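As structure tokens, the structure follows; a few thoughts come after it.
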Amino acid sequence: MAPKPTKAEKKVAYDQKLCQLLDEYSQILIASADNVGSNQLQGIRKGLRGHSIVLMGKNTMMKRSIRLYAERTGNDNFRKLADQLVGNVGLIFTKGDLKEVSEEIAKYKVGAPARVGLVAPIDVVVPPGNTGLDPSQTSFFQVLNIPTKINKGTVEIITPVELIRKGEKVGSSEAALLAKLGIRPFSYGLIIQKVYDNGSIFDPAVLDLTDEDLLEKFAVGVSMVTSLSLAISYPTLAAAPHMFINAYKNVLAIAVATDYDFPQAEKVKEYLKDPSKFAVAAAPVAAADTGAGAAAAKEEEKKEEPAEESDEEMGFSLFDD
């Protein structure tokens, strides 16, 4: 029988494994593992098998190994990773798509009862309806100020009640009531807190951004740059078209106010001398809009007109006796 490894040997083996993973993987998810059971963690490992590895351990040991690895390799980016190891967390090394891996991890959340002393991660609301409990159980509801009535020999909750608020500790009465009602209000699993990708650390919310979101944010940024450039008269690629148009308007205004001429200003001066030309220029556009509106109206009338029925379809003929 092989001798049992000592604590020192276990630490050396853990350090070697962690350093090997840091060599092989450039993408790491930092996940909180509060209230996650061993069977649940085993299921997550099976689901990620093939492209990801889950590594748990003591924070002090992980920080020490990562910092020594950063010193040995000269890669100070890993020091940022060590700073994120706070609380009950683990590391998920992956070569897959970060969004797909995080979605796979989220599938392994399991429902859990409200235990006494637990801090509620969400608000717990008891819905109205028949509880199936006999009238002798009304004391639980009275203690928690839950309005009830007796209906067909059972206790019925009249209105929805916020039993526990997010961040509050679960009391013994609340836990007993939820257990009697068969409500498992909480769900636990690995929660992604930070994402490490080739030296960059960011929130997991970034993984949910779509191409449309990025385009929208980029457009907002371009708009802000354009506004700032125009306000301080500083030329940029985004502001250049607006600057040219504004400059053209200024030159055109000077030409109209003076005898100075250039080809683009001549037509404007003609319109100002004879305003009736505005109406002539606008007529084709107005006619096109009117024609399109009339065609659409006729189509609507055709749809609304009932189909004419023949004499035979109405059940008689003019030549019937």
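Ordering of the structure tokens sets the chain letters (A, B, ...), residue numbers begin anew at 1 in every chain, and ligands are numbered from 1 in the order given.
Counting only C-alpha atoms, Ala175 (chain A) has the following residues at most 7 Å away, ignoring those fewer than 5 positions along the same chain: Ala114, Arg115, Val116 and Val170 of chain A.
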Contacts of Ile183 (chain A) at 12 Å or less, counting only C-alpha atoms, minus same-chain residues fewer than 3 places along, as a list in words?
-> Gly111, Ala112, Pro113, Ala114, Arg115, Val124, Val125, Val126, Pro127, Thr131, Leu163, Glu174, Ala175, Ala176, Leu177, Leu178, Ala179, Lys180, Phe186 and Ser187 of chain A
Filtering to N, CA, C and O atoms, could you give me those residues as a PDB file, in the first residue's frame?
```
ATOM      1  N   GLY A 111     -32.084  24.150  -6.586  1.00  0.00           N
ATOM      2  CA  GLY A 111     -32.919  24.772  -5.572  1.00  0.00           C
ATOM      3  C   GLY A 111     -32.491  24.347  -4.179  1.00  0.00           C
ATOM      4  O   GLY A 111     -32.021  23.227  -3.966  1.00  0.00           O
ATOM      5  N   ALA A 112     -32.670  25.241  -3.227  1.00  0.00           N
ATOM      6  CA  ALA A 112     -32.268  24.953  -1.849  1.00  0.00           C
ATOM      7  C   ALA A 112     -33.281  25.546  -0.887  1.00  0.00           C
ATOM      8  O   ALA A 112     -33.844  26.613  -1.154  1.00  0.00           O
ATOM      9  N   PRO A 113     -33.539  24.864   0.231  1.00  0.00           N
ATOM     10  CA  PRO A 113     -34.468  25.418   1.224  1.00  0.00           C
ATOM     11  C   PRO A 113     -33.856  26.593   1.964  1.00  0.00           C
ATOM     12  O   PRO A 113     -32.637  26.792   1.944  1.00  0.00           O
ATOM     13  N   ALA A 114     -34.705  27.360   2.622  1.00  0.00           N
ATOM     14  CA  ALA A 114     -34.242  28.499   3.414  1.00  0.00           C
ATOM     15  C   ALA A 114     -33.833  27.995   4.798  1.00  0.00           C
ATOM     16  O   ALA A 114     -34.691  27.648   5.608  1.00  0.00           O
ATOM     17  N   ARG A 115     -32.537  27.952   5.049  1.00  0.00           N
ATOM     18  CA  ARG A 115     -32.049  27.480   6.351  1.00  0.00           C
ATOM     19  C   ARG A 115     -31.875  28.664   7.300  1.00  0.00           C
ATOM     20  O   ARG A 115     -31.586  29.782   6.879  1.00  0.00           O
ATOM     21  N   VAL A 124     -37.921  36.985  -0.943  1.00  0.00           N
ATOM     22  CA  VAL A 124     -38.769  35.792  -0.894  1.00  0.00           C
ATOM     23  C   VAL A 124     -40.208  36.248  -0.680  1.00  0.00           C
ATOM     24  O   VAL A 124     -40.519  36.873   0.340  1.00  0.00           O
ATOM     25  N   VAL A 125     -41.075  35.958  -1.656  1.00  0.00           N
ATOM     26  CA  VAL A 125     -42.481  36.346  -1.591  1.00  0.00           C
ATOM     27  C   VAL A 125     -43.340  35.079  -1.552  1.00  0.00           C
ATOM     28  O   VAL A 125     -43.198  34.197  -2.405  1.00  0.00           O
ATOM     29  N   VAL A 126     -44.221  35.009  -0.546  1.00  0.00           N
ATOM     30  CA  VAL A 126     -45.144  33.870  -0.438  1.00  0.00           C
ATOM     31  C   VAL A 126     -46.390  34.215  -1.233  1.00  0.00           C
ATOM     32  O   VAL A 126     -47.053  35.222  -0.944  1.00  0.00           O
ATOM     33  N   PRO A 127     -46.739  33.438  -2.250  1.00  0.00           N
ATOM     34  CA  PRO A 127     -47.885  33.779  -3.098  1.00  0.00           C
ATOM     35  C   PRO A 127     -49.213  33.475  -2.397  1.00  0.00           C
ATOM     36  O   PRO A 127     -49.279  32.630  -1.487  1.00  0.00           O
ATOM     37  N   THR A 131     -52.942  26.712   1.122  1.00  0.00           N
ATOM     38  CA  THR A 131     -51.688  26.119   1.570  1.00  0.00           C
ATOM     39  C   THR A 131     -51.792  24.625   1.816  1.00  0.00           C
ATOM     40  O   THR A 131     -50.764  23.944   1.903  1.00  0.00           O
ATOM     41  N   LEU A 163     -41.903  37.832   2.550  1.00  0.00           N
ATOM     42  CA  LEU A 163     -41.519  37.197   3.805  1.00  0.00           C
ATOM     43  C   LEU A 163     -40.094  37.568   4.218  1.00  0.00           C
ATOM     44  O   LEU A 163     -39.828  37.854   5.393  1.00  0.00           O
ATOM     45  N   GLU A 174     -39.557  31.941   9.685  1.00  0.00           N
ATOM     46  CA  GLU A 174     -39.622  31.980   8.219  1.00  0.00           C
ATOM     47  C   GLU A 174     -39.187  30.642   7.616  1.00  0.00           C
ATOM     48  O   GLU A 174     -39.829  30.120   6.696  1.00  0.00           O
ATOM     49  N   ALA A 175     -38.114  30.071   8.159  1.00  0.00           N
ATOM     50  CA  ALA A 175     -37.625  28.787   7.642  1.00  0.00           C
ATOM     51  C   ALA A 175     -38.647  27.685   7.854  1.00  0.00           C
ATOM     52  O   ALA A 175     -38.885  26.854   6.965  1.00  0.00           O
ATOM     53  N   ALA A 176     -39.305  27.663   9.049  1.00  0.00           N
ATOM     54  CA  ALA A 176     -40.303  26.631   9.347  1.00  0.00           C
ATOM     55  C   ALA A 176     -41.509  26.766   8.429  1.00  0.00           C
ATOM     56  O   ALA A 176     -42.038  25.760   7.919  1.00  0.00           O
ATOM     57  N   LEU A 177     -41.965  28.005   8.193  1.00  0.00           N
ATOM     58  CA  LEU A 177     -43.129  28.209   7.333  1.00  0.00           C
ATOM     59  C   LEU A 177     -42.846  27.785   5.902  1.00  0.00           C
ATOM     60  O   LEU A 177     -43.652  27.090   5.274  1.00  0.00           O
ATOM     61  N   LEU A 178     -41.693  28.193   5.369  1.00  0.00           N
ATOM     62  CA  LEU A 178     -41.356  27.828   3.993  1.00  0.00           C
ATOM     63  C   LEU A 178     -41.216  26.317   3.839  1.00  0.00           C
ATOM     64  O   LEU A 178     -41.584  25.756   2.801  1.00  0.00           O
ATOM     65  N   ALA A 179     -40.689  25.663   4.870  1.00  0.00           N
ATOM     66  CA  ALA A 179     -40.573  24.203   4.826  1.00  0.00           C
ATOM     67  C   ALA A 179     -41.949  23.550   4.810  1.00  0.00           C
ATOM     68  O   ALA A 179     -42.185  22.578   4.082  1.00  0.00           O
ATOM     69  N   LYS A 180     -42.889  24.078   5.613  1.00  0.00           N
ATOM     70  CA  LYS A 180     -44.245  23.520   5.637  1.00  0.00           C
ATOM     71  C   LYS A 180     -44.963  23.715   4.305  1.00  0.00           C
ATOM     72  O   LYS A 180     -45.742  22.864   3.879  1.00  0.00           O
ATOM     73  N   PHE A 186     -34.390  29.521  -2.704  1.00  0.00           N
ATOM     74  CA  PHE A 186     -33.051  29.901  -3.141  1.00  0.00           C
ATOM     75  C   PHE A 186     -32.493  28.875  -4.123  1.00  0.00           C
ATOM     76  O   PHE A 186     -32.886  27.698  -4.110  1.00  0.00           O
ATOM     77  N   SER A 187     -31.577  29.333  -4.961  1.00  0.00           N
ATOM     78  CA  SER A 187     -30.853  28.431  -5.860  1.00  0.00           C
ATOM     79  C   SER A 187     -29.380  28.789  -5.793  1.00  0.00           C
ATOM     80  O   SER A 187     -29.030  29.978  -5.773  1.00  0.00           O
TER      81      SER A 187
END
```
Surrounding residues of region 35-41 of chain A excluding itself and chain neighbours under 3 positions, 9 Å, only C-alpha atoms, as a PyMOL selection string | chain A and resi 44-46+54+108-110+188-190
So which bits of region 70-264 of chain A end up alpha helix (DSSP H) when you DSSP the backbone, as a PyMOL selection string?
-> chain A and resi 70-73+77-83+98-106+138-143+172-181+211-232+240-257+263-264
Hey, could you make a per-residue contact list for region 221-258 of chain A against region 265-273 of chain A with 7 Å as the cut-off, showing the nearest pair of atoms and its distance in Å to one decimal, counting only C-alpha atoms, sorted by chain and number, as JSON lines?
```
{"residue": "A:Leu252", "atom": "CA", "partner": "A:Ala265", "partner_atom": "CA", "distance": 6.1}
{"residue": "A:Ala255", "atom": "CA", "partner": "A:Ala265", "partner_atom": "CA", "distance": 6.7}
{"residue": "A:Val256", "atom": "CA", "partner": "A:Lys269", "partner_atom": "CA", "distance": 6.5}
```
With all heavy atoms retained, write the just-selected residues as a JSON list (two decimals), in the first residue's frame.
```
[["chain", "number", "residue", "atom", "x", "y", "z"],
["A", 252, "LEU", "N", -21.86, 80.60, -48.07],
["A", 252, "LEU", "CA", -23.09, 80.83, -48.83],
["A", 252, "LEU", "C", -23.83, 82.05, -48.29],
["A", 252, "LEU", "O", -24.36, 82.87, -49.06],
["A", 252, "LEU", "CB", -23.98, 79.59, -48.75],
["A", 252, "LEU", "CG", -25.24, 79.60, -49.60],
["A", 252, "LEU", "CD1", -24.89, 79.73, -51.08],
["A", 252, "LEU", "CD2", -26.06, 78.33, -49.36],
["A", 255, "ALA", "N", -22.08, 85.12, -49.53],
["A", 255, "ALA", "CA", -22.35, 85.33, -50.96],
["A", 255, "ALA", "C", -23.74, 85.92, -51.17],
["A", 255, "ALA", "O", -23.93, 86.79, -52.02],
["A", 255, "ALA", "CB", -22.21, 84.01, -51.71],
["A", 256, "VAL", "N", -24.71, 85.45, -50.39],
["A", 256, "VAL", "CA", -26.08, 85.96, -50.53],
["A", 256, "VAL", "C", -26.16, 87.42, -50.06],
["A", 256, "VAL", "O", -26.89, 88.24, -50.63],
["A", 256, "VAL", "CB", -27.06, 85.07, -49.73],
["A", 256, "VAL", "CG1", -28.44, 85.72, -49.64],
["A", 256, "VAL", "CG2", -27.16, 83.69, -50.38]]
```
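Going from CA of Asn59 (chain A) over to CA of Gln84 (chain A), you cover 9.9 Å.
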Top pick for closest residue to Leu230 (chain A), considering A:Ser26, A:Thr210, A:Gln137, A:Asn246 and counting only C-alpha atoms = A:Asn246
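Taking only C-alpha atoms, the non-local environment of Val195 (chain A) within 7 Å (same-chain residues fewer than 6 positions away omitted) comprises Ile28, Leu29, Ile30, Ile201, Phe202, Asp203 and Pro204 of chain A.
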Using the chain letters and numbers from this document, which residues of region 93-233 of chain A does DSSP assign to strand (DSSP E), as a PyMOL selection string?
-> chain A and resi 93-94+110-112+124-126+129-130+148-151+154-157+161-164+186-188+191-197+200-202
Residues just named, written with N, CA, C and O atoms as a CSV table (one decimal), in the first residue's frame:
```csv
chain,number,residue,atom,x,y,z
A,93,PHE,N,-10.4,27.1,-15.6
A,93,PHE,CA,-9.5,27.3,-16.7
A,93,PHE,C,-10.2,26.8,-18.0
A,93,PHE,O,-10.7,25.6,-17.9
A,94,THR,N,-10.2,27.6,-19.0
A,94,THR,CA,-10.9,27.1,-20.2
A,94,THR,C,-10.3,27.5,-21.5
A,94,THR,O,-9.6,28.6,-21.6
A,110,VAL,N,-29.0,24.6,-8.4
A,110,VAL,CA,-30.0,23.7,-7.8
A,110,VAL,C,-30.8,24.5,-6.7
A,110,VAL,O,-30.3,25.4,-6.1
A,111,GLY,N,-32.1,24.2,-6.6
A,111,GLY,CA,-32.9,24.8,-5.6
A,111,GLY,C,-32.5,24.3,-4.2
A,111,GLY,O,-32.0,23.2,-4.0
A,112,ALA,N,-32.7,25.2,-3.2
A,112,ALA,CA,-32.3,25.0,-1.8
A,112,ALA,C,-33.3,25.5,-0.9
A,112,ALA,O,-33.8,26.6,-1.2
A,124,VAL,N,-37.9,37.0,-0.9
A,124,VAL,CA,-38.8,35.8,-0.9
A,124,VAL,C,-40.2,36.2,-0.7
A,124,VAL,O,-40.5,36.9,0.3
A,125,VAL,N,-41.1,36.0,-1.7
A,125,VAL,CA,-42.5,36.3,-1.6
A,125,VAL,C,-43.3,35.1,-1.6
A,125,VAL,O,-43.2,34.2,-2.4
A,126,VAL,N,-44.2,35.0,-0.5
A,126,VAL,CA,-45.1,33.9,-0.4
A,126,VAL,C,-46.4,34.2,-1.2
A,126,VAL,O,-47.1,35.2,-0.9
A,129,GLY,N,-53.1,31.9,-2.0
A,129,GLY,CA,-53.6,30.6,-2.4
A,129,GLY,C,-53.8,29.7,-1.2
A,129,GLY,O,-53.4,30.0,-0.1
A,130,ASN,N,-54.3,28.5,-1.5
A,130,ASN,CA,-54.5,27.5,-0.5
A,130,ASN,C,-53.2,26.8,-0.2
A,130,ASN,O,-52.5,26.4,-1.0
A,148,THR,N,-54.7,35.5,6.6
A,148,THR,CA,-55.2,34.2,6.1
A,148,THR,C,-56.7,34.1,6.4
A,148,THR,O,-57.2,34.9,7.2
A,149,LYS,N,-57.3,33.1,5.8
A,149,LYS,CA,-58.7,32.7,6.1
A,149,LYS,C,-58.8,31.2,6.0
A,149,LYS,O,-58.0,30.5,5.4
A,150,ILE,N,-59.8,30.7,6.7
A,150,ILE,CA,-60.1,29.2,6.6
A,150,ILE,C,-61.0,29.0,5.4
A,150,ILE,O,-62.1,29.5,5.4
A,151,ASN,N,-60.6,28.2,4.5
A,151,ASN,CA,-61.5,27.8,3.3
A,151,ASN,C,-61.5,26.3,3.2
A,151,ASN,O,-60.5,25.7,2.9
A,154,THR,N,-59.1,24.3,5.3
A,154,THR,CA,-57.6,24.5,5.2
A,154,THR,C,-57.3,26.0,5.3
A,154,THR,O,-58.2,26.8,5.0
A,155,VAL,N,-56.0,26.3,5.5
A,155,VAL,CA,-55.6,27.7,5.6
A,155,VAL,C,-55.3,28.2,4.2
A,155,VAL,O,-54.6,27.6,3.5
A,156,GLU,N,-55.9,29.4,3.9
A,156,GLU,CA,-55.6,30.0,2.6
A,156,GLU,C,-55.0,31.4,2.9
A,156,GLU,O,-55.5,32.2,3.7
A,157,ILE,N,-53.9,31.7,2.1
A,157,ILE,CA,-53.3,33.0,2.2
A,157,ILE,C,-54.0,34.0,1.3
A,157,ILE,O,-54.3,33.7,0.1
A,161,VAL,N,-47.2,38.0,0.2
A,161,VAL,CA,-46.5,38.6,1.4
A,161,VAL,C,-45.0,38.5,1.1
A,161,VAL,O,-44.5,37.4,0.8
A,162,GLU,N,-44.3,39.6,1.3
A,162,GLU,CA,-42.8,39.6,1.2
A,162,GLU,C,-42.3,39.1,2.5
A,162,GLU,O,-42.2,39.8,3.5
A,163,LEU,N,-41.9,37.8,2.6
A,163,LEU,CA,-41.5,37.2,3.8
A,163,LEU,C,-40.1,37.6,4.2
A,163,LEU,O,-39.8,37.9,5.4
A,164,ILE,N,-39.2,37.5,3.3
A,164,ILE,CA,-37.8,37.8,3.5
A,164,ILE,C,-37.2,38.8,2.4
A,164,ILE,O,-37.5,38.6,1.3
A,186,PHE,N,-34.4,29.5,-2.7
A,186,PHE,CA,-33.1,29.9,-3.1
A,186,PHE,C,-32.5,28.9,-4.1
A,186,PHE,O,-32.9,27.7,-4.1
A,187,SER,N,-31.6,29.3,-5.0
A,187,SER,CA,-30.9,28.4,-5.9
A,187,SER,C,-29.4,28.8,-5.8
A,187,SER,O,-29.0,30.0,-5.8
A,188,TYR,N,-28.6,27.8,-5.7
A,188,TYR,CA,-27.1,28.0,-5.6
A,188,TYR,C,-26.3,27.3,-6.7
A,188,TYR,O,-26.8,26.2,-7.2
A,191,ILE,N,-21.0,31.1,-9.3
A,191,ILE,CA,-21.4,32.4,-9.8
A,191,ILE,C,-20.1,33.1,-10.3
A,191,ILE,O,-19.1,33.3,-9.5
A,192,ILE,N,-20.1,33.4,-11.6
A,192,ILE,CA,-18.9,34.0,-12.2
A,192,ILE,C,-18.8,35.5,-11.7
A,192,ILE,O,-19.7,36.3,-11.8
A,193,GLN,N,-17.7,35.8,-11.0
A,193,GLN,CA,-17.4,37.1,-10.5
A,193,GLN,C,-16.6,38.0,-11.4
A,193,GLN,O,-16.8,39.1,-11.6
A,194,LYS,N,-15.5,37.4,-11.9
A,194,LYS,CA,-14.6,38.1,-12.8
A,194,LYS,C,-14.1,37.2,-13.9
A,194,LYS,O,-14.1,35.9,-13.8
A,195,VAL,N,-13.7,37.8,-15.0
A,195,VAL,CA,-13.1,37.0,-16.1
A,195,VAL,C,-11.7,37.5,-16.4
A,195,VAL,O,-11.5,38.7,-16.5
A,196,TYR,N,-10.8,36.6,-16.5
A,196,TYR,CA,-9.4,36.9,-16.8
A,196,TYR,C,-9.1,36.4,-18.3
A,196,TYR,O,-9.3,35.2,-18.5
A,197,ASP,N,-8.7,37.3,-19.1
A,197,ASP,CA,-8.5,36.9,-20.5
A,197,ASP,C,-7.2,37.6,-21.0
A,197,ASP,O,-7.2,38.8,-21.3
A,200,SER,N,-6.2,40.7,-19.2
A,200,SER,CA,-7.3,41.7,-18.9
A,200,SER,C,-8.3,41.1,-18.0
A,200,SER,O,-8.6,39.9,-18.1
A,201,ILE,N,-8.8,41.9,-17.0
A,201,ILE,CA,-9.8,41.4,-16.1
A,201,ILE,C,-11.0,42.3,-16.2
A,201,ILE,O,-10.9,43.5,-16.2
A,202,PHE,N,-12.2,41.6,-16.4
A,202,PHE,CA,-13.4,42.4,-16.6
A,202,PHE,C,-14.6,41.7,-16.0
A,202,PHE,O,-14.5,40.5,-15.6
```
Test item: residues at most 7 Å from region 95-99 of chain A, only C-alpha atoms, excluding those fewer than 5 positions along its chain, as a VMD selection string = chain A and resid 25 27 51 to 52 207
Store the residues of this selection in a file with C-alpha atoms, as a CSV table (one decimal), in the first residue's frame.
```csv
chain,number,residue,atom,x,y,z
A,25,TYR,CA,-4.6,28.4,-20.4
A,27,GLN,CA,-8.6,32.3,-20.1
A,51,HIS,CA,-12.4,22.1,-22.7
A,52,SER,CA,-12.4,23.4,-19.1
A,207,LEU,CA,-19.9,38.4,-22.1
```
All residues 7 Å or closer to region 79-82 of chain A, only C-alpha atoms, same chain fewer than 6 positions away omitted, as a CSV table (one decimal) with all heavy atoms, in the first residue's frame:
```
chain,number,residue,atom,x,y,z
A,63,LYS,N,-3.0,32.2,-4.0
A,63,LYS,CA,-2.3,33.5,-4.2
A,63,LYS,C,-0.8,33.3,-4.2
A,63,LYS,O,-0.1,33.9,-5.0
A,63,LYS,CB,-2.7,34.4,-3.1
A,63,LYS,CG,-4.2,35.0,-3.2
A,63,LYS,CD,-4.5,35.9,-2.0
A,63,LYS,CE,-5.9,36.5,-2.2
A,63,LYS,NZ,-6.2,37.4,-1.0
A,66,ILE,N,0.3,31.7,-7.5
A,66,ILE,CA,0.2,32.6,-8.6
A,66,ILE,C,1.3,33.7,-8.6
A,66,ILE,O,1.9,34.0,-9.6
A,66,ILE,CB,-1.2,33.2,-8.7
A,66,ILE,CG1,-2.2,32.1,-9.0
A,66,ILE,CG2,-1.3,34.3,-9.7
A,66,ILE,CD1,-3.7,32.5,-8.9
A,67,ARG,N,1.5,34.2,-7.4
A,67,ARG,CA,2.5,35.3,-7.3
A,67,ARG,C,4.0,34.8,-7.6
A,67,ARG,O,4.8,35.4,-8.2
A,67,ARG,CB,2.4,35.9,-5.9
A,67,ARG,CG,1.2,36.9,-5.8
A,67,ARG,CD,1.0,37.3,-4.4
A,67,ARG,NE,-0.2,38.2,-4.3
A,67,ARG,CZ,-0.8,38.4,-3.2
A,67,ARG,NH1,-0.5,37.9,-2.0
A,67,ARG,NH2,-1.9,39.3,-3.2
A,70,ALA,N,4.2,34.4,-11.2
A,70,ALA,CA,4.4,35.7,-11.9
A,70,ALA,C,5.8,36.1,-11.8
A,70,ALA,O,6.4,36.7,-12.8
A,70,ALA,CB,3.4,36.7,-11.3
```
